[in-house]
>>> print(open('upload_28.txt').read())   # compact mmCIF, C-alpha atoms
# COMPACT_ATOMS: atom_id res chain seq x y z
CA MET O 8 55.38 26.47 -6.74
CA GLY O 9 58.03 27.40 -9.33
CA LYS O 10 58.47 30.67 -11.15
CA SER O 11 56.60 29.45 -14.25
CA SER O 12 53.59 28.41 -12.17
CA LEU O 13 53.57 31.71 -10.32
CA ARG O 14 53.66 33.60 -13.61
CA LEU O 15 50.72 31.61 -14.99
CA ALA O 16 48.79 32.10 -11.78
CA GLY O 17 49.32 35.83 -12.01
CA LEU O 18 48.22 35.80 -15.64
CA ALA O 19 45.03 33.88 -14.81
CA VAL O 20 44.04 36.37 -12.13
CA GLY O 21 44.98 39.25 -14.40
CA CYS O 22 42.84 37.98 -17.29
CA LEU O 23 39.79 37.58 -15.08
CA GLY O 24 40.43 41.08 -13.87
CA VAL O 25 40.53 42.35 -17.43
CA LEU O 26 37.02 41.11 -18.04
CA ALA O 27 35.88 42.79 -14.86
CA ALA O 28 37.61 45.98 -16.03
CA VAL O 29 39.72 46.25 -12.92
CA VAL O 30 43.22 45.60 -14.31
CA PRO O 31 45.00 48.73 -15.55
CA PRO O 32 47.10 48.45 -18.73
CA VAL O 33 50.28 48.56 -16.67
CA ALA O 34 49.53 45.02 -15.46
CA ALA O 35 50.00 43.68 -18.97
CA ARG O 36 53.36 45.43 -19.25
CA GLU O 37 54.46 43.99 -15.94
CA ALA O 38 53.43 40.53 -17.16
CA GLY O 39 56.00 40.85 -19.92
CA GLY O 40 53.91 42.13 -22.80
CA VAL O 41 50.98 40.60 -24.68
CA LEU O 42 50.82 36.82 -24.22
CA PRO O 43 48.86 34.23 -26.24
CA PRO O 44 45.11 34.15 -25.57
CA LEU O 45 43.78 31.67 -23.04
CA PRO O 46 41.27 29.18 -24.51
CA LEU O 47 37.98 28.65 -22.69
CA LYS O 48 36.18 25.35 -22.29
CA ALA O 49 33.57 24.86 -25.02
CA GLY O 50 30.86 22.26 -25.56
CA ASP O 51 28.00 23.84 -23.62
CA PRO O 52 24.74 24.78 -25.37
CA TYR O 53 23.82 28.35 -26.19
CA TYR O 54 20.41 29.79 -26.99
CA PHE O 55 19.09 32.72 -29.01
CA CYS O 56 15.53 33.11 -27.73
CA LEU O 57 12.97 35.37 -29.36
CA THR O 58 11.59 38.09 -27.13
CA ASP O 59 7.81 38.23 -26.81
CA ALA O 60 7.75 41.34 -29.00
CA SER O 61 9.94 39.89 -31.77
CA ALA O 62 8.01 36.60 -31.75
CA LYS O 63 4.79 38.57 -32.25
CA ALA O 64 6.35 40.69 -35.00
CA LEU O 65 7.59 37.61 -36.87
CA ALA O 66 4.19 35.96 -36.58
CA THR O 67 2.50 39.09 -37.94
CA ALA O 68 4.91 39.12 -40.88
CA ARG O 69 4.39 35.36 -41.38
CA ILE O 70 8.14 34.79 -40.92
CA SER O 71 9.34 31.75 -38.99
CA LEU O 72 12.57 31.22 -37.07
CA ASP O 73 14.64 28.29 -38.33
CA ALA O 74 18.09 26.89 -37.53
CA VAL O 75 21.13 26.07 -39.62
CA LYS O 76 22.37 22.53 -38.89
CA PRO O 77 23.50 21.19 -36.52
CA ASN O 78 21.53 23.78 -34.55
CA THR O 79 17.85 23.24 -33.81
CA VAL O 80 14.77 25.28 -32.93
CA VAL O 81 13.48 24.41 -29.46
CA THR O 82 11.12 25.72 -26.82
CA TYR O 83 13.22 26.80 -23.85
CA LYS O 84 11.76 28.45 -20.78
CA ALA O 85 8.51 29.08 -22.68
CA HIS O 86 10.26 30.88 -25.56
CA THR O 87 11.05 29.85 -29.13
CA CYS O 88 14.83 29.59 -29.35
CA MET O 89 17.64 28.58 -31.65
CA ARG O 90 19.87 26.11 -29.78
CA GLY O 91 23.50 25.50 -30.70
CA THR O 92 26.79 24.47 -29.12
CA LEU O 93 29.75 26.66 -28.20
CA THR O 94 32.76 25.51 -30.18
CA LYS O 95 35.52 27.78 -28.92
CA GLY O 96 36.28 30.86 -26.89
CA GLN O 97 39.23 32.73 -25.48
CA ILE O 98 40.25 35.41 -23.04
CA ASN O 99 42.39 37.92 -24.90
CA THR O 100 45.48 38.95 -22.99
CA ASP O 101 45.78 42.19 -24.98
CA LEU O 102 43.05 43.69 -22.76
CA THR O 103 40.34 43.50 -25.44
CA GLY O 104 38.04 41.11 -23.58
CA LEU O 105 36.60 37.75 -24.59
CA THR O 106 35.58 36.17 -27.89
CA GLY O 107 33.50 33.07 -28.59
CA GLU O 108 32.00 31.14 -31.49
CA GLY O 109 29.09 28.75 -31.89
CA THR O 110 27.97 26.04 -34.27
CA GLY O 111 25.60 26.36 -37.20
CA GLY O 112 23.47 29.46 -37.22
CA PHE O 113 19.93 30.76 -37.40
CA ALA O 114 17.60 31.60 -40.26
CA PHE O 115 14.27 33.21 -41.07
CA GLN O 116 11.92 32.08 -43.80
CA ARG O 117 8.65 32.92 -45.45
CA ASP O 118 7.31 30.97 -48.39
CA GLY O 119 10.34 30.44 -50.65
CA ARG O 120 12.47 33.21 -49.16
CA ARG O 121 15.12 32.42 -46.57
CA ALA O 122 17.73 34.56 -44.79
CA GLU O 123 20.56 32.59 -43.20
CA PHE O 124 23.08 33.81 -40.63
CA THR O 125 25.87 31.35 -39.92
CA VAL O 126 29.00 30.94 -37.75
CA PRO O 127 27.74 33.25 -34.97
CA ARG O 128 30.45 34.95 -32.92
CA VAL O 129 30.46 37.19 -29.88
CA ALA O 130 33.06 39.68 -28.70
CA LEU O 131 32.66 40.86 -25.11
CA ARG O 132 34.63 43.96 -24.17
CA PRO O 133 36.19 44.45 -20.72
CA ASP O 134 33.06 46.34 -19.63
CA MET O 135 30.99 43.28 -20.70
CA THR O 136 29.19 45.06 -23.54
CA GLY O 137 29.11 42.91 -26.66
CA SER O 138 28.99 42.69 -30.43
CA TRP O 139 27.35 39.66 -32.11
CA THR O 140 28.25 38.89 -35.71
CA ALA O 141 27.36 36.26 -38.30
CA GLU O 142 28.06 35.45 -41.94
CA HIS O 143 25.32 36.44 -44.37
CA LYS O 144 25.59 36.12 -48.16
CA GLY O 145 29.35 35.68 -48.02
CA ARG O 146 30.24 38.49 -45.64
CA ARG O 147 30.37 38.94 -41.89
CA ILE O 148 27.99 41.52 -40.48
CA GLU O 149 27.18 42.79 -37.02
CA MET O 150 23.71 41.48 -36.28
CA PHE O 151 23.25 42.47 -32.64
CA THR O 152 24.76 44.49 -29.84
CA SER O 153 24.33 43.94 -26.12
CA THR O 154 24.82 45.89 -22.92
CA LYS O 155 26.25 44.37 -19.76
CA VAL O 156 22.73 43.62 -18.49
CA GLY O 157 22.54 39.85 -18.07
CA ALA O 158 26.29 39.31 -18.48
CA LYS O 159 27.97 37.74 -15.48
CA LEU O 160 31.57 37.04 -14.50
CA SER O 161 32.79 34.81 -11.69
CA LEU O 162 35.92 32.80 -10.96
CA THR O 163 34.28 29.77 -12.58
CA LYS O 164 32.20 31.08 -15.47
CA VAL O 165 31.62 33.85 -17.96
CA SER O 166 27.91 33.67 -18.69
CA ALA O 167 24.92 35.41 -20.20
CA GLU O 168 21.40 34.93 -18.86
CA ARG O 169 18.52 36.56 -20.75
CA LEU O 170 21.02 38.96 -22.31
CA PRO O 171 19.11 41.47 -24.50
CA MET O 172 20.49 41.28 -28.07
CA THR O 173 19.52 44.45 -29.94
CA LEU O 174 19.11 44.31 -33.71
CA THR O 175 21.56 46.55 -35.56
CA LYS O 176 20.94 48.52 -38.75
CA GLN O 177 23.06 45.96 -40.62
CA GLY O 178 20.89 43.18 -39.26
CA ALA O 179 17.66 44.98 -40.12
CA ASP O 180 18.95 45.73 -43.63
CA ALA O 181 19.83 42.05 -44.14
CA LEU O 182 16.30 41.01 -43.19
CA ALA O 183 14.81 43.74 -45.37
CA GLY O 184 16.94 42.54 -48.29
CA THR O 185 15.19 39.16 -48.12
CA PHE O 186 11.67 40.05 -47.05
CA GLY O 187 11.27 43.61 -48.34
CA THR O 188 11.19 45.05 -44.85
CA SER O 189 12.54 44.01 -41.47
CA PRO O 190 9.83 42.61 -39.18
CA VAL O 191 11.59 44.33 -36.27
CA PRO O 192 13.20 47.80 -36.57
CA SER O 193 16.84 48.31 -35.74
CA GLY O 194 17.52 49.36 -32.16
CA THR O 195 14.99 46.84 -30.83
CA PRO O 196 15.83 43.85 -28.58
CA PHE O 197 15.38 40.84 -30.87
CA PHE O 198 16.83 37.84 -29.03
CA GLU O 199 17.72 37.08 -25.45
CA GLY O 200 21.07 35.29 -25.31
CA ILE O 201 21.84 32.43 -22.92
CA ALA O 202 25.35 30.97 -22.80
CA SER O 203 28.27 30.17 -20.51
CA PHE O 204 31.99 29.41 -20.74
CA ASP O 205 33.84 27.52 -18.02
CA VAL O 206 36.78 29.65 -16.90
CA LEU O 207 38.18 27.78 -13.91
CA ASN O 208 38.89 24.47 -15.70
CA THR O 209 40.81 26.34 -18.36
CA LEU O 210 42.91 28.35 -15.96
CA THR O 211 43.66 25.71 -13.34
CA SER O 212 45.24 23.22 -15.75
CA PRO O 213 48.38 25.31 -16.45
CA LEU O 214 48.64 26.16 -12.76
CA THR O 215 49.42 22.51 -12.03
CA THR O 216 52.27 22.40 -14.54
CA LYS O 217 55.54 21.48 -12.94
CA PRO O 218 58.35 24.08 -13.16
>>> encode(input="upload_28.txt", output="structure tokens")
Amino acid sequence: MGKSSLRLAGLAVGCLGVLAAVVPPVAAREAGGVLPPLPLKAGDPYYFCLTDASAKALATARISLDAVKPNTVVTYKAHTCMRGTLTKGQINTDLTGLTGEGTGGFAFQRDGRRAEFTVPRVALRPDMTGSWTAEHKGRRIEMFTSTKVGAKLSLTKVSAERLPMTLTKQGADALAGTFGTSPVPSGTPFFEGIASFDVLNTLTSPLTTKP
């Protein structure tokens, strides 16, 4: 293996370590400074599934969950969910974690009123806590936050399984702006997130590059 392949191999291991919060900042300096982010394999589905409590609250408020095309509303593992596709993601080599983006968006409606949240994005920090944003009425807002519960990291995948997505004040205010009040108060788990990015396929391709 040549020097360029060894360098890329070291970077791959280092980036996975960043997400696991085990690589100290000195590793980045030894790697020669901040390098371009590493893209992750996209194309897998992701789900925002209503919790039992939020589904009940929406039903009480006569508000239904809808999807912004090409996303759809489906029943997944006995829950009502918005289903979309991951379009892109990357591991950031500046030690800030991982970012990802999905198709379409989700919406809520009652009678003639509709609140849409499009181009959903996630930013996972090195400790695997997250911020989930979307565009609403022409500006990007933080809709949800998440703890590391349900977030998983391995040598092959970065994934979320039943990840509690807690509604923020911005998110509650956006819903209240459309419906008069938010059906779920801020600080309450609203969705459970399910998603995964393939890490190994992304990182092994440059490792086979000839020096």
>>> residues_around(input="upload_28.txt", residues="O:Leu105", least_positions_apart="6", cutoff="9 Å", atoms="all atoms listed in the file", output="list in words")
Leu26, Gly96, Gln97, Ile98, Asn99, Val129, Ala130, Leu131, Arg132, Pro133 and Met135 of chain O
>>> atom_distance(input="upload_28.txt", atom1="atom CA of O:Glu123", atom2="atom CA of O:His143")
6.2 Å
>>> residues_near_point(input="upload_28.txt", point="(24.0, 42.5, -36.0)", cutoff="6 Å", atoms="only C-alpha atoms", output="list in words")
Trp139, Thr140, Glu149, Met150, Phe151, Leu174, Thr175, Gln177 and Gly178 of chain O
>>> closest_atom_pairs(input="upload_28.txt", of="stretch 68-157 of chain O", to="stretch 181-189 of chain O", cutoff="7 Å", atoms="only C-alpha atoms", output="CSV")
residue,atom,partner,partner_atom,distance
O:Arg120,CA,O:Thr185,CA,6.6
O:Arg121,CA,O:Thr185,CA,6.9
O:Ala122,CA,O:Thr185,CA,6.2
>>> write_last_selection(input="upload_28.txt", atoms="C-alpha atoms", output="CSV table (one decimal), keeping the file's coordinate frame")
chain,number,residue,atom,x,y,z
O,120,ARG,CA,12.5,33.2,-49.2
O,121,ARG,CA,15.1,32.4,-46.6
O,122,ALA,CA,17.7,34.6,-44.8
>>> closest_residue(input="upload_28.txt", among="O:Lys176, O:Lys95, O:Arg146, O:His86", to="O:Gly200", atoms="only C-alpha atoms")
O:His86
